[in-house]
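Colleague: File model.txt below, compact mmCIF, N, CA and C atoms:
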# COMPACT_ATOMS: atom_id res chain seq x y z
N MET A 170 -11.76 6.49 -12.78
CA MET A 170 -10.53 7.25 -12.77
C MET A 170 -9.73 6.88 -14.01
N GLU A 171 -9.24 7.90 -14.68
CA GLU A 171 -8.40 7.70 -15.85
C GLU A 171 -6.95 7.98 -15.45
N GLN A 172 -6.02 7.09 -15.85
CA GLN A 172 -4.61 7.32 -15.59
C GLN A 172 -3.77 6.51 -16.55
N GLN A 173 -2.54 6.96 -16.76
CA GLN A 173 -1.62 6.28 -17.66
C GLN A 173 -1.04 5.02 -17.03
N ILE A 174 -0.70 5.10 -15.76
CA ILE A 174 -0.12 3.98 -15.02
C ILE A 174 -0.86 3.83 -13.71
N ASP A 175 -1.23 2.62 -13.38
CA ASP A 175 -1.89 2.32 -12.11
C ASP A 175 -0.81 2.11 -11.05
N TYR A 176 -0.34 3.20 -10.47
CA TYR A 176 0.77 3.12 -9.52
C TYR A 176 0.42 2.32 -8.27
N ALA A 177 -0.84 2.30 -7.88
CA ALA A 177 -1.25 1.56 -6.68
C ALA A 177 -1.01 0.07 -6.84
N ASN A 178 -1.29 -0.45 -8.01
CA ASN A 178 -1.09 -1.88 -8.25
C ASN A 178 0.30 -2.22 -8.77
N THR A 179 0.96 -1.25 -9.37
CA THR A 179 2.31 -1.49 -9.88
C THR A 179 3.33 -1.55 -8.75
N ALA A 180 3.16 -0.69 -7.76
CA ALA A 180 4.09 -0.64 -6.61
C ALA A 180 3.27 -0.79 -5.33
N LYS A 181 2.72 -1.99 -5.15
CA LYS A 181 1.80 -2.23 -4.03
C LYS A 181 2.42 -1.95 -2.67
N GLY A 182 3.68 -2.27 -2.49
CA GLY A 182 4.34 -2.03 -1.21
C GLY A 182 4.44 -0.55 -0.90
N ALA A 183 4.86 0.24 -1.87
CA ALA A 183 4.97 1.69 -1.67
C ALA A 183 3.60 2.30 -1.44
N TYR A 184 2.62 1.86 -2.21
CA TYR A 184 1.26 2.37 -2.05
C TYR A 184 0.73 2.03 -0.65
N SER A 185 1.02 0.85 -0.17
CA SER A 185 0.60 0.44 1.16
C SER A 185 1.19 1.35 2.24
N VAL A 186 2.45 1.71 2.08
CA VAL A 186 3.10 2.62 3.02
C VAL A 186 2.41 3.99 3.00
N MET A 187 2.09 4.48 1.81
CA MET A 187 1.39 5.76 1.69
C MET A 187 0.03 5.70 2.38
N MET A 188 -0.67 4.60 2.22
CA MET A 188 -1.98 4.46 2.85
C MET A 188 -1.86 4.36 4.38
N GLU A 189 -0.79 3.75 4.86
CA GLU A 189 -0.55 3.70 6.31
C GLU A 189 -0.35 5.11 6.86
N MET A 190 0.34 5.96 6.09
CA MET A 190 0.51 7.34 6.53
C MET A 190 -0.84 8.04 6.60
N GLU A 191 -1.73 7.78 5.64
CA GLU A 191 -3.08 8.37 5.67
C GLU A 191 -3.82 7.92 6.94
N LYS A 192 -3.69 6.65 7.27
CA LYS A 192 -4.33 6.14 8.50
C LYS A 192 -3.76 6.85 9.72
N TYR A 193 -2.45 6.99 9.74
CA TYR A 193 -1.82 7.68 10.87
C TYR A 193 -2.34 9.11 10.99
N LEU A 194 -2.39 9.84 9.89
CA LEU A 194 -2.82 11.24 9.93
C LEU A 194 -4.26 11.37 10.43
N LYS A 195 -5.09 10.39 10.13
CA LYS A 195 -6.47 10.43 10.61
C LYS A 195 -6.55 10.25 12.13
N THR A 196 -5.51 9.67 12.73
CA THR A 196 -5.49 9.50 14.19
C THR A 196 -4.80 10.66 14.90
N SER A 197 -4.27 11.61 14.14
CA SER A 197 -3.59 12.74 14.75
C SER A 197 -4.61 13.65 15.44
N HIS A 198 -4.12 14.62 16.18
CA HIS A 198 -4.99 15.58 16.86
C HIS A 198 -5.38 16.74 15.96
N LEU A 199 -4.93 16.71 14.71
CA LEU A 199 -5.25 17.79 13.79
C LEU A 199 -6.72 17.71 13.37
N ASP A 200 -7.35 18.86 13.29
CA ASP A 200 -8.75 18.96 12.88
C ASP A 200 -8.89 18.39 11.46
N PRO A 201 -9.83 17.46 11.25
CA PRO A 201 -10.02 16.88 9.91
C PRO A 201 -10.30 17.93 8.84
N LYS A 202 -11.00 19.00 9.20
CA LYS A 202 -11.26 20.06 8.22
C LYS A 202 -9.97 20.80 7.87
N LEU A 203 -9.11 21.02 8.85
CA LEU A 203 -7.83 21.65 8.57
C LEU A 203 -6.99 20.79 7.64
N LEU A 204 -6.96 19.49 7.91
CA LEU A 204 -6.21 18.59 7.02
C LEU A 204 -6.70 18.70 5.59
N GLN A 205 -8.00 18.78 5.41
CA GLN A 205 -8.55 18.90 4.05
C GLN A 205 -8.19 20.25 3.43
N LEU A 206 -8.23 21.32 4.21
CA LEU A 206 -7.86 22.63 3.66
C LEU A 206 -6.41 22.63 3.18
N VAL A 207 -5.53 22.02 3.95
CA VAL A 207 -4.12 21.93 3.57
C VAL A 207 -3.98 21.10 2.30
N LYS A 208 -4.70 19.99 2.22
CA LYS A 208 -4.63 19.15 1.03
C LYS A 208 -5.15 19.89 -0.20
N ILE A 209 -6.19 20.66 0.00
CA ILE A 209 -6.75 21.44 -1.11
C ILE A 209 -5.76 22.51 -1.56
N ARG A 210 -5.18 23.23 -0.60
CA ARG A 210 -4.26 24.32 -0.97
C ARG A 210 -3.04 23.79 -1.71
N ALA A 211 -2.43 22.73 -1.23
CA ALA A 211 -1.27 22.16 -1.93
C ALA A 211 -1.68 21.69 -3.32
N SER A 212 -2.84 21.07 -3.42
CA SER A 212 -3.31 20.56 -4.72
C SER A 212 -3.59 21.70 -5.69
N GLU A 213 -4.07 22.84 -5.17
CA GLU A 213 -4.26 24.01 -6.04
C GLU A 213 -2.92 24.48 -6.58
N ILE A 214 -1.95 24.62 -5.71
CA ILE A 214 -0.62 25.09 -6.12
C ILE A 214 -0.01 24.14 -7.14
N ASN A 215 -0.15 22.84 -6.90
CA ASN A 215 0.45 21.84 -7.78
C ASN A 215 -0.37 21.56 -9.04
N GLY A 216 -1.59 22.03 -9.08
CA GLY A 216 -2.44 21.81 -10.25
C GLY A 216 -2.93 20.39 -10.37
N CYS A 217 -3.24 19.75 -9.25
CA CYS A 217 -3.68 18.36 -9.26
C CYS A 217 -5.21 18.30 -9.18
N GLY A 218 -5.84 18.20 -10.33
CA GLY A 218 -7.30 18.14 -10.39
C GLY A 218 -7.87 16.93 -9.69
N TYR A 219 -7.21 15.80 -9.80
CA TYR A 219 -7.70 14.58 -9.16
C TYR A 219 -7.79 14.78 -7.64
N CYS A 220 -6.72 15.30 -7.04
CA CYS A 220 -6.71 15.50 -5.59
C CYS A 220 -7.65 16.63 -5.17
N LEU A 221 -7.75 17.68 -5.96
CA LEU A 221 -8.70 18.75 -5.65
C LEU A 221 -10.13 18.20 -5.61
N ASN A 222 -10.46 17.41 -6.59
CA ASN A 222 -11.79 16.81 -6.66
C ASN A 222 -12.04 15.94 -5.42
N MET A 223 -11.09 15.11 -5.08
CA MET A 223 -11.23 14.21 -3.94
C MET A 223 -11.34 14.97 -2.62
N HIS A 224 -10.45 15.92 -2.41
CA HIS A 224 -10.38 16.56 -1.09
C HIS A 224 -11.45 17.63 -0.87
N THR A 225 -11.98 18.21 -1.92
CA THR A 225 -13.13 19.10 -1.71
C THR A 225 -14.35 18.27 -1.29
N LYS A 226 -14.50 17.09 -1.87
CA LYS A 226 -15.60 16.20 -1.45
C LYS A 226 -15.40 15.77 0.00
N GLU A 227 -14.18 15.37 0.35
CA GLU A 227 -13.90 14.93 1.73
C GLU A 227 -14.09 16.08 2.72
N ALA A 228 -13.74 17.29 2.31
CA ALA A 228 -13.92 18.45 3.19
C ALA A 228 -15.41 18.71 3.43
N ARG A 229 -16.22 18.61 2.38
CA ARG A 229 -17.67 18.77 2.55
C ARG A 229 -18.21 17.70 3.50
N ASN A 230 -17.74 16.48 3.33
CA ASN A 230 -18.18 15.39 4.22
C ASN A 230 -17.76 15.62 5.67
N ALA A 231 -16.66 16.35 5.86
CA ALA A 231 -16.18 16.67 7.21
C ALA A 231 -16.90 17.88 7.79
N GLY A 232 -17.79 18.50 7.00
CA GLY A 232 -18.57 19.64 7.48
C GLY A 232 -18.05 21.00 7.05
N GLU A 233 -17.10 21.01 6.13
CA GLU A 233 -16.56 22.29 5.66
C GLU A 233 -17.59 23.01 4.81
N SER A 234 -17.61 24.34 4.90
CA SER A 234 -18.59 25.14 4.15
C SER A 234 -18.12 25.39 2.72
N GLU A 235 -19.09 25.58 1.84
CA GLU A 235 -18.78 25.89 0.44
C GLU A 235 -17.98 27.19 0.36
N GLN A 236 -18.36 28.19 1.13
CA GLN A 236 -17.67 29.47 1.11
C GLN A 236 -16.18 29.31 1.37
N ARG A 237 -15.84 28.56 2.41
CA ARG A 237 -14.43 28.38 2.75
C ARG A 237 -13.71 27.54 1.70
N LEU A 238 -14.39 26.58 1.10
CA LEU A 238 -13.76 25.78 0.05
C LEU A 238 -13.46 26.62 -1.18
N TYR A 239 -14.39 27.50 -1.55
CA TYR A 239 -14.21 28.33 -2.74
C TYR A 239 -13.07 29.33 -2.57
N CYS A 240 -12.76 29.68 -1.35
CA CYS A 240 -11.80 30.77 -1.12
C CYS A 240 -10.43 30.32 -0.62
N VAL A 241 -10.17 29.03 -0.59
CA VAL A 241 -8.89 28.56 -0.05
C VAL A 241 -7.70 29.23 -0.74
N SER A 242 -7.76 29.39 -2.05
CA SER A 242 -6.62 29.97 -2.77
C SER A 242 -6.42 31.45 -2.42
N ALA A 243 -7.43 32.10 -1.86
CA ALA A 243 -7.35 33.51 -1.48
C ALA A 243 -7.51 33.68 0.03
N TRP A 244 -7.03 32.73 0.80
CA TRP A 244 -7.24 32.73 2.24
C TRP A 244 -6.74 34.01 2.91
N ARG A 245 -5.72 34.63 2.37
CA ARG A 245 -5.17 35.84 2.98
C ARG A 245 -6.16 37.01 2.93
N GLU A 246 -7.05 36.98 1.96
CA GLU A 246 -8.01 38.07 1.79
C GLU A 246 -9.36 37.78 2.43
N CYS A 247 -9.43 36.73 3.23
CA CYS A 247 -10.70 36.32 3.84
C CYS A 247 -10.59 36.39 5.36
N THR A 248 -11.70 36.72 6.00
CA THR A 248 -11.71 36.83 7.46
C THR A 248 -12.28 35.60 8.15
N PHE A 249 -12.66 34.58 7.38
CA PHE A 249 -13.33 33.43 7.98
C PHE A 249 -12.45 32.21 8.16
N TYR A 250 -11.13 32.38 8.08
CA TYR A 250 -10.20 31.31 8.46
C TYR A 250 -9.57 31.73 9.78
N THR A 251 -9.44 30.79 10.71
CA THR A 251 -8.85 31.11 12.00
C THR A 251 -7.37 31.43 11.85
N ASP A 252 -6.80 32.02 12.90
CA ASP A 252 -5.36 32.30 12.88
C ASP A 252 -4.55 31.01 12.72
N ALA A 253 -4.99 29.95 13.38
CA ALA A 253 -4.29 28.66 13.27
C ALA A 253 -4.39 28.12 11.84
N GLU A 254 -5.56 28.23 11.22
CA GLU A 254 -5.72 27.77 9.84
C GLU A 254 -4.85 28.59 8.89
N GLN A 255 -4.80 29.90 9.11
CA GLN A 255 -3.98 30.76 8.26
C GLN A 255 -2.51 30.38 8.38
N ALA A 256 -2.06 30.13 9.60
CA ALA A 256 -0.67 29.73 9.81
C ALA A 256 -0.38 28.40 9.11
N ALA A 257 -1.31 27.45 9.21
CA ALA A 257 -1.13 26.14 8.56
C ALA A 257 -1.13 26.28 7.04
N LEU A 258 -2.01 27.12 6.50
CA LEU A 258 -2.05 27.32 5.05
C LEU A 258 -0.78 28.01 4.55
N GLU A 259 -0.27 28.96 5.32
CA GLU A 259 0.99 29.60 4.94
C GLU A 259 2.14 28.60 4.98
N LEU A 260 2.16 27.75 5.99
CA LEU A 260 3.18 26.70 6.06
C LEU A 260 3.06 25.76 4.87
N CYS A 261 1.84 25.40 4.54
CA CYS A 261 1.60 24.53 3.38
C CYS A 261 2.17 25.15 2.11
N GLU A 262 1.91 26.42 1.91
CA GLU A 262 2.44 27.09 0.72
C GLU A 262 3.96 27.12 0.72
N SER A 263 4.56 27.40 1.87
CA SER A 263 6.03 27.46 1.94
C SER A 263 6.66 26.11 1.67
N ILE A 264 6.08 25.05 2.21
CA ILE A 264 6.63 23.72 1.99
C ILE A 264 6.41 23.27 0.54
N THR A 265 5.22 23.54 0.02
CA THR A 265 4.92 23.15 -1.36
C THR A 265 5.84 23.87 -2.34
N LEU A 266 6.17 25.10 -2.02
CA LEU A 266 7.04 25.92 -2.88
C LEU A 266 8.41 26.12 -2.22
N ILE A 267 8.90 25.11 -1.55
CA ILE A 267 10.10 25.24 -0.71
C ILE A 267 11.33 25.79 -1.44
N PRO A 268 11.55 25.52 -2.73
CA PRO A 268 12.73 26.11 -3.37
C PRO A 268 12.69 27.64 -3.43
N ALA A 269 11.50 28.23 -3.40
CA ALA A 269 11.37 29.68 -3.53
C ALA A 269 11.94 30.43 -2.32
N LYS A 270 11.62 29.98 -1.11
CA LYS A 270 12.10 30.71 0.07
C LYS A 270 12.24 29.85 1.31
N GLY A 271 12.05 28.55 1.17
CA GLY A 271 12.17 27.68 2.33
C GLY A 271 11.04 27.91 3.32
N VAL A 272 11.32 27.61 4.57
CA VAL A 272 10.36 27.87 5.65
C VAL A 272 11.05 28.84 6.61
N PRO A 273 10.73 30.12 6.50
CA PRO A 273 11.40 31.11 7.34
C PRO A 273 11.16 30.87 8.84
N ASP A 274 12.12 31.27 9.64
CA ASP A 274 12.01 31.11 11.09
C ASP A 274 10.77 31.80 11.63
N ALA A 275 10.43 32.97 11.08
CA ALA A 275 9.26 33.70 11.56
C ALA A 275 7.98 32.90 11.31
N LEU A 276 7.91 32.19 10.20
CA LEU A 276 6.74 31.34 9.92
C LEU A 276 6.71 30.17 10.89
N TYR A 277 7.85 29.55 11.12
CA TYR A 277 7.92 28.47 12.10
C TYR A 277 7.37 28.94 13.45
N GLU A 278 7.82 30.09 13.90
CA GLU A 278 7.38 30.62 15.19
C GLU A 278 5.88 30.90 15.19
N ARG A 279 5.36 31.44 14.09
CA ARG A 279 3.93 31.73 13.99
C ARG A 279 3.10 30.45 14.06
N VAL A 280 3.51 29.44 13.33
CA VAL A 280 2.78 28.17 13.33
C VAL A 280 2.84 27.52 14.71
N ARG A 281 3.98 27.60 15.36
CA ARG A 281 4.14 26.97 16.68
C ARG A 281 3.30 27.63 17.76
N LYS A 282 2.79 28.84 17.52
CA LYS A 282 1.86 29.47 18.47
C LYS A 282 0.58 28.65 18.59
N TYR A 283 0.22 27.96 17.52
CA TYR A 283 -1.05 27.25 17.46
C TYR A 283 -0.92 25.74 17.49
N PHE A 284 0.27 25.23 17.21
CA PHE A 284 0.46 23.78 17.13
C PHE A 284 1.65 23.38 18.00
N ASP A 285 1.40 22.44 18.91
CA ASP A 285 2.51 21.95 19.73
C ASP A 285 3.46 21.13 18.85
N GLU A 286 4.52 20.63 19.45
CA GLU A 286 5.55 19.92 18.67
C GLU A 286 4.97 18.73 17.90
N ASN A 287 4.16 17.93 18.56
CA ASN A 287 3.58 16.76 17.89
C ASN A 287 2.66 17.16 16.74
N ASP A 288 1.79 18.14 17.00
CA ASP A 288 0.87 18.58 15.95
C ASP A 288 1.62 19.25 14.80
N TYR A 289 2.68 19.99 15.13
CA TYR A 289 3.49 20.62 14.08
C TYR A 289 4.09 19.55 13.16
N VAL A 290 4.67 18.53 13.76
CA VAL A 290 5.28 17.46 12.96
C VAL A 290 4.21 16.71 12.16
N ASP A 291 3.05 16.46 12.77
CA ASP A 291 1.96 15.82 12.02
C ASP A 291 1.53 16.69 10.84
N LEU A 292 1.48 18.00 11.05
CA LEU A 292 1.14 18.92 9.97
C LEU A 292 2.18 18.85 8.86
N LEU A 293 3.45 18.78 9.23
CA LEU A 293 4.52 18.63 8.23
C LEU A 293 4.33 17.35 7.41
N PHE A 294 4.03 16.25 8.11
CA PHE A 294 3.80 14.99 7.39
C PHE A 294 2.58 15.10 6.47
N ALA A 295 1.52 15.74 6.93
CA ALA A 295 0.32 15.88 6.11
C ALA A 295 0.61 16.69 4.85
N ILE A 296 1.35 17.77 4.99
CA ILE A 296 1.68 18.61 3.83
C ILE A 296 2.58 17.85 2.87
N ASN A 297 3.57 17.17 3.40
CA ASN A 297 4.46 16.39 2.52
C ASN A 297 3.72 15.24 1.86
N GLN A 298 2.81 14.62 2.59
CA GLN A 298 2.03 13.51 2.05
C GLN A 298 1.19 13.95 0.85
N ILE A 299 0.48 15.08 0.98
CA ILE A 299 -0.36 15.51 -0.14
C ILE A 299 0.51 15.94 -1.32
N ASN A 300 1.66 16.53 -1.05
CA ASN A 300 2.55 16.87 -2.16
C ASN A 300 3.02 15.62 -2.89
N CYS A 301 3.28 14.56 -2.17
CA CYS A 301 3.65 13.29 -2.79
C CYS A 301 2.50 12.74 -3.63
N TRP A 302 1.29 12.72 -3.05
CA TRP A 302 0.12 12.24 -3.81
C TRP A 302 -0.09 13.08 -5.07
N ASN A 303 0.05 14.40 -4.95
CA ASN A 303 -0.11 15.27 -6.12
C ASN A 303 0.87 14.89 -7.22
N ARG A 304 2.10 14.69 -6.83
CA ARG A 304 3.13 14.38 -7.82
C ARG A 304 2.92 13.01 -8.46
N LEU A 305 2.48 12.05 -7.66
CA LEU A 305 2.17 10.73 -8.22
C LEU A 305 1.00 10.83 -9.21
N SER A 306 -0.04 11.54 -8.81
CA SER A 306 -1.22 11.65 -9.67
C SER A 306 -0.91 12.40 -10.96
N ILE A 307 -0.19 13.49 -10.86
CA ILE A 307 0.14 14.26 -12.06
C ILE A 307 1.08 13.48 -12.97
N ALA A 308 2.09 12.83 -12.39
CA ALA A 308 3.08 12.10 -13.19
C ALA A 308 2.52 10.85 -13.86
N THR A 309 1.39 10.34 -13.35
CA THR A 309 0.78 9.15 -13.96
C THR A 309 -0.48 9.49 -14.74
N GLY A 310 -0.71 10.78 -14.94
CA GLY A 310 -1.86 11.20 -15.74
C GLY A 310 -3.20 10.90 -15.11
N THR A 311 -3.27 10.87 -13.79
CA THR A 311 -4.52 10.56 -13.09
C THR A 311 -5.45 11.77 -13.20
N LYS A 312 -6.62 11.55 -13.73
CA LYS A 312 -7.58 12.63 -14.00
C LYS A 312 -8.81 12.50 -13.10
N ALA A 313 -9.34 13.65 -12.73
CA ALA A 313 -10.62 13.67 -12.01
C ALA A 313 -11.71 13.34 -13.02
N MET A 314 -12.67 12.56 -12.57
CA MET A 314 -13.78 12.15 -13.44
C MET A 314 -15.07 12.75 -12.91
N LYS A 315 -15.96 13.09 -13.79
CA LYS A 315 -17.26 13.60 -13.40
C LYS A 315 -18.02 12.52 -12.65
N ALA A 316 -18.64 12.92 -11.56
CA ALA A 316 -19.37 11.96 -10.72
C ALA A 316 -20.64 11.49 -11.41
Please lay out the structure from this file as structure tokens.
Modeller:
Amino acid sequence: MEQQIDYANTAKGAYSVMMEMEKYLKTSHLDPKLLQLVKIRASEINGCGYCLNMHTKEARNAGESEQRLYCVSAWRECTFYTDAEQAALELCESITLIPAKGVPDALYERVRKYFDENDYVDLLFAINQINCWNRLSIATGTKAMKA
């Protein structure tokens, strides 16, 4: 991995807290493939190559199909994402681009059809977590490396 600043070792306490959140999210009731789709979509919007590289690999390891990985950015035009996945991806986009229009009440209601209160909040934490990782990686020049 190439980067300008090694933020993990420079701010070990903060990095440890971020990793604890990752551990927590893995224990949530959210589908691991859904978590990866959300991480991929936010990383696409933010232009984080490092996170895109990481999370597409993790999604494949979780059993995600190549077809669905290739089409995440065009999920609205595809019929192979579930209604719950579409709602989560739309929420991800709204939160990632929150200054543009916030999170409309209608979107909240749509997402809540598929996610109970706990899962909704876990989804919010997952979306905010990947946005934080994206910003850390981009701001420190962290680059994806060829395997």
Colleague: Report, in Å with one decimal, the straight-line distance from atom N of Tyr239 (chain A) to CA of Thr225 (chain A).
Modeller: 8.5 Å
Colleague: For Val241 (chain A), which of A:Ile209, A:Ala275, A:Asp288, A:Ala177 is the closest residue, counting only N, CA and C atoms?
Modeller: A:Ile209
Colleague: Can you tell me which residues surround Val272 (chain A) at a distance of at most 8 Å, considering all atoms listed in the file, apart from same-chain residues fewer than 6 positions away, and format the answer as a PyMOL selection string?
Modeller: chain A and resi 260+263-264+266
Colleague: Take every atom of region 261-265 of chain A listed in the file, pad by 8 Å on each side, and give me the axis-aligned box centre and edge lengths in Å, one decimal, as JSON.
Modeller:
{"center_x": 4.1, "center_y": 25.3, "center_z": 1.1, "size_x": 21.1, "size_y": 20.3, "size_z": 22.9}
Colleague: What is the distance between CA of Leu293 (chain A) and CA of Ala257 (chain A), in Å to one decimal?
Modeller: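 Between CA of Leu293 (chain A) and CA of Ala257 (chain A) the gap works out to 9.4 Å.
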Colleague: CA of Leu305 (chain A) and CA of Glu254 (chain A), how far apart in Å?
Modeller: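 Taking CA of Glu254 (chain A) as the start and CA of Leu305 (chain A) as the end point, the length is 26.1 Å.
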Colleague: So that I can check the surroundings of Val290 (chain A), please list as a list in words every protein, DNA and RNA residue that reaches within 12 Å of it, counting only C-alpha atoms and ignoring chain neighbours fewer than 4 positions away.
Modeller: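 These residues fall inside the cut-off: Leu194, Ser197, His198, Leu199, Ala257, Leu260, Tyr277, Val280, Arg281, Phe284, Asp285, Glu286, Phe294, Ala295, Ile296 and Asn297 of chain A.
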Colleague: I'd like to know which of A:Ala308, A:Cys247, A:Leu258, A:Met187 is closest to Arg210 (chain A), using all atoms listed in the file.
Modeller: A:Leu258
Colleague: Go through A:Ala231, A:Lys195, A:Cys261, A:Tyr176 one by one, measure the shortest atom-to-atom distance of each to Val207 (chain A) using only N, CA and C atoms, and give the residue with the smallest value.
Modeller: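 Using only N, CA and C atoms, Val207 (chain A) sits closest to A:Cys261.
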Colleague: If you run DSSP on the backbone here, which positions in chain A get alpha helix (DSSP H)? Please write them as a VMD selection string.
Modeller: chain A and resid 176 to 179 181 to 195 201 to 215 218 to 230 235 to 239 252 to 265 267 to 270 274 to 281 286 to 308
Colleague: Tell me which protein, DNA and RNA residues are within 8 Å of Lys202 (chain A), counting only N, CA and C atoms, leaving out same-chain ones fewer than 4 positions away, and put them as number ranges by chain.
Modeller: A: 206-208, 227-229, 231-233
Colleague: Show which residues sit within 12 Å of Thr196 (chain A), as a list in words. Count only C-alpha atoms, and ignore same-chain residues fewer than 5 positions away.
Modeller: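 Neighbouring residues, sequence-local ones excluded: Glu189, Met190, Glu191, Pro201, Leu204, Asp288, Asp291 and Ala295 of chain A.
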Colleague: Hey, could you patch up region 285-300 of chain A with N, CA, C and O atoms and hand it over as a PDB file, in the coordinates of the input?
Modeller:
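This went into rebuild15.pdb:
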ATOM      1  N   ASP A 285       1.400  22.440  18.910  1.00  0.00           N
ATOM      2  CA  ASP A 285       2.510  21.950  19.730  1.00  0.00           C
ATOM      3  C   ASP A 285       3.460  21.130  18.850  1.00  0.00           C
ATOM      4  O   ASP A 285       3.223  20.961  17.656  1.00  0.00           O
ATOM      5  N   GLU A 286       4.520  20.630  19.450  1.00  0.00           N
ATOM      6  CA  GLU A 286       5.550  19.920  18.670  1.00  0.00           C
ATOM      7  C   GLU A 286       4.970  18.730  17.900  1.00  0.00           C
ATOM      8  O   GLU A 286       5.257  18.552  16.712  1.00  0.00           O
ATOM      9  N   ASN A 287       4.160  17.930  18.560  1.00  0.00           N
ATOM     10  CA  ASN A 287       3.580  16.760  17.890  1.00  0.00           C
ATOM     11  C   ASN A 287       2.660  17.160  16.740  1.00  0.00           C
ATOM     12  O   ASN A 287       2.733  16.596  15.645  1.00  0.00           O
ATOM     13  N   ASP A 288       1.790  18.140  17.000  1.00  0.00           N
ATOM     14  CA  ASP A 288       0.870  18.580  15.950  1.00  0.00           C
ATOM     15  C   ASP A 288       1.620  19.250  14.800  1.00  0.00           C
ATOM     16  O   ASP A 288       1.248  19.102  13.638  1.00  0.00           O
ATOM     17  N   TYR A 289       2.680  19.990  15.130  1.00  0.00           N
ATOM     18  CA  TYR A 289       3.490  20.620  14.080  1.00  0.00           C
ATOM     19  C   TYR A 289       4.090  19.550  13.160  1.00  0.00           C
ATOM     20  O   TYR A 289       4.025  19.648  11.945  1.00  0.00           O
ATOM     21  N   VAL A 290       4.670  18.530  13.760  1.00  0.00           N
ATOM     22  CA  VAL A 290       5.280  17.460  12.960  1.00  0.00           C
ATOM     23  C   VAL A 290       4.210  16.710  12.160  1.00  0.00           C
ATOM     24  O   VAL A 290       4.412  16.394  10.980  1.00  0.00           O
ATOM     25  N   ASP A 291       3.050  16.460  12.770  1.00  0.00           N
ATOM     26  CA  ASP A 291       1.960  15.820  12.020  1.00  0.00           C
ATOM     27  C   ASP A 291       1.530  16.690  10.840  1.00  0.00           C
ATOM     28  O   ASP A 291       1.251  16.185   9.747  1.00  0.00           O
ATOM     29  N   LEU A 292       1.480  18.000  11.050  1.00  0.00           N
ATOM     30  CA  LEU A 292       1.140  18.920   9.970  1.00  0.00           C
ATOM     31  C   LEU A 292       2.180  18.850   8.860  1.00  0.00           C
ATOM     32  O   LEU A 292       1.853  18.828   7.669  1.00  0.00           O
ATOM     33  N   LEU A 293       3.450  18.780   9.230  1.00  0.00           N
ATOM     34  CA  LEU A 293       4.520  18.630   8.230  1.00  0.00           C
ATOM     35  C   LEU A 293       4.330  17.350   7.410  1.00  0.00           C
ATOM     36  O   LEU A 293       4.459  17.362   6.187  1.00  0.00           O
ATOM     37  N   PHE A 294       4.030  16.250   8.110  1.00  0.00           N
ATOM     38  CA  PHE A 294       3.800  14.990   7.390  1.00  0.00           C
ATOM     39  C   PHE A 294       2.580  15.100   6.470  1.00  0.00           C
ATOM     40  O   PHE A 294       2.610  14.600   5.346  1.00  0.00           O
ATOM     41  N   ALA A 295       1.520  15.740   6.930  1.00  0.00           N
ATOM     42  CA  ALA A 295       0.320  15.880   6.110  1.00  0.00           C
ATOM     43  C   ALA A 295       0.610  16.690   4.850  1.00  0.00           C
ATOM     44  O   ALA A 295       0.175  16.323   3.747  1.00  0.00           O
ATOM     45  N   ILE A 296       1.350  17.770   4.990  1.00  0.00           N
ATOM     46  CA  ILE A 296       1.680  18.610   3.830  1.00  0.00           C
ATOM     47  C   ILE A 296       2.580  17.850   2.870  1.00  0.00           C
ATOM     48  O   ILE A 296       2.367  17.874   1.655  1.00  0.00           O
ATOM     49  N   ASN A 297       3.570  17.170   3.400  1.00  0.00           N
ATOM     50  CA  ASN A 297       4.460  16.390   2.520  1.00  0.00           C
ATOM     51  C   ASN A 297       3.720  15.240   1.860  1.00  0.00           C
ATOM     52  O   ASN A 297       3.968  14.912   0.697  1.00  0.00           O
ATOM     53  N   GLN A 298       2.810  14.620   2.590  1.00  0.00           N
ATOM     54  CA  GLN A 298       2.030  13.510   2.050  1.00  0.00           C
ATOM     55  C   GLN A 298       1.190  13.950   0.850  1.00  0.00           C
ATOM     56  O   GLN A 298       1.188  13.295  -0.181  1.00  0.00           O
ATOM     57  N   ILE A 299       0.480  15.080   0.980  1.00  0.00           N
ATOM     58  CA  ILE A 299      -0.360  15.510  -0.140  1.00  0.00           C
ATOM     59  C   ILE A 299       0.510  15.940  -1.320  1.00  0.00           C
ATOM     60  O   ILE A 299       0.157  15.696  -2.471  1.00  0.00           O
ATOM     61  N   ASN A 300       1.660  16.530  -1.050  1.00  0.00           N
ATOM     62  CA  ASN A 300       2.550  16.870  -2.160  1.00  0.00           C
ATOM     63  C   ASN A 300       3.020  15.620  -2.890  1.00  0.00           C
ATOM     64  O   ASN A 300       3.117  15.613  -4.122  1.00  0.00           O
TER      65      ASN A 300
END
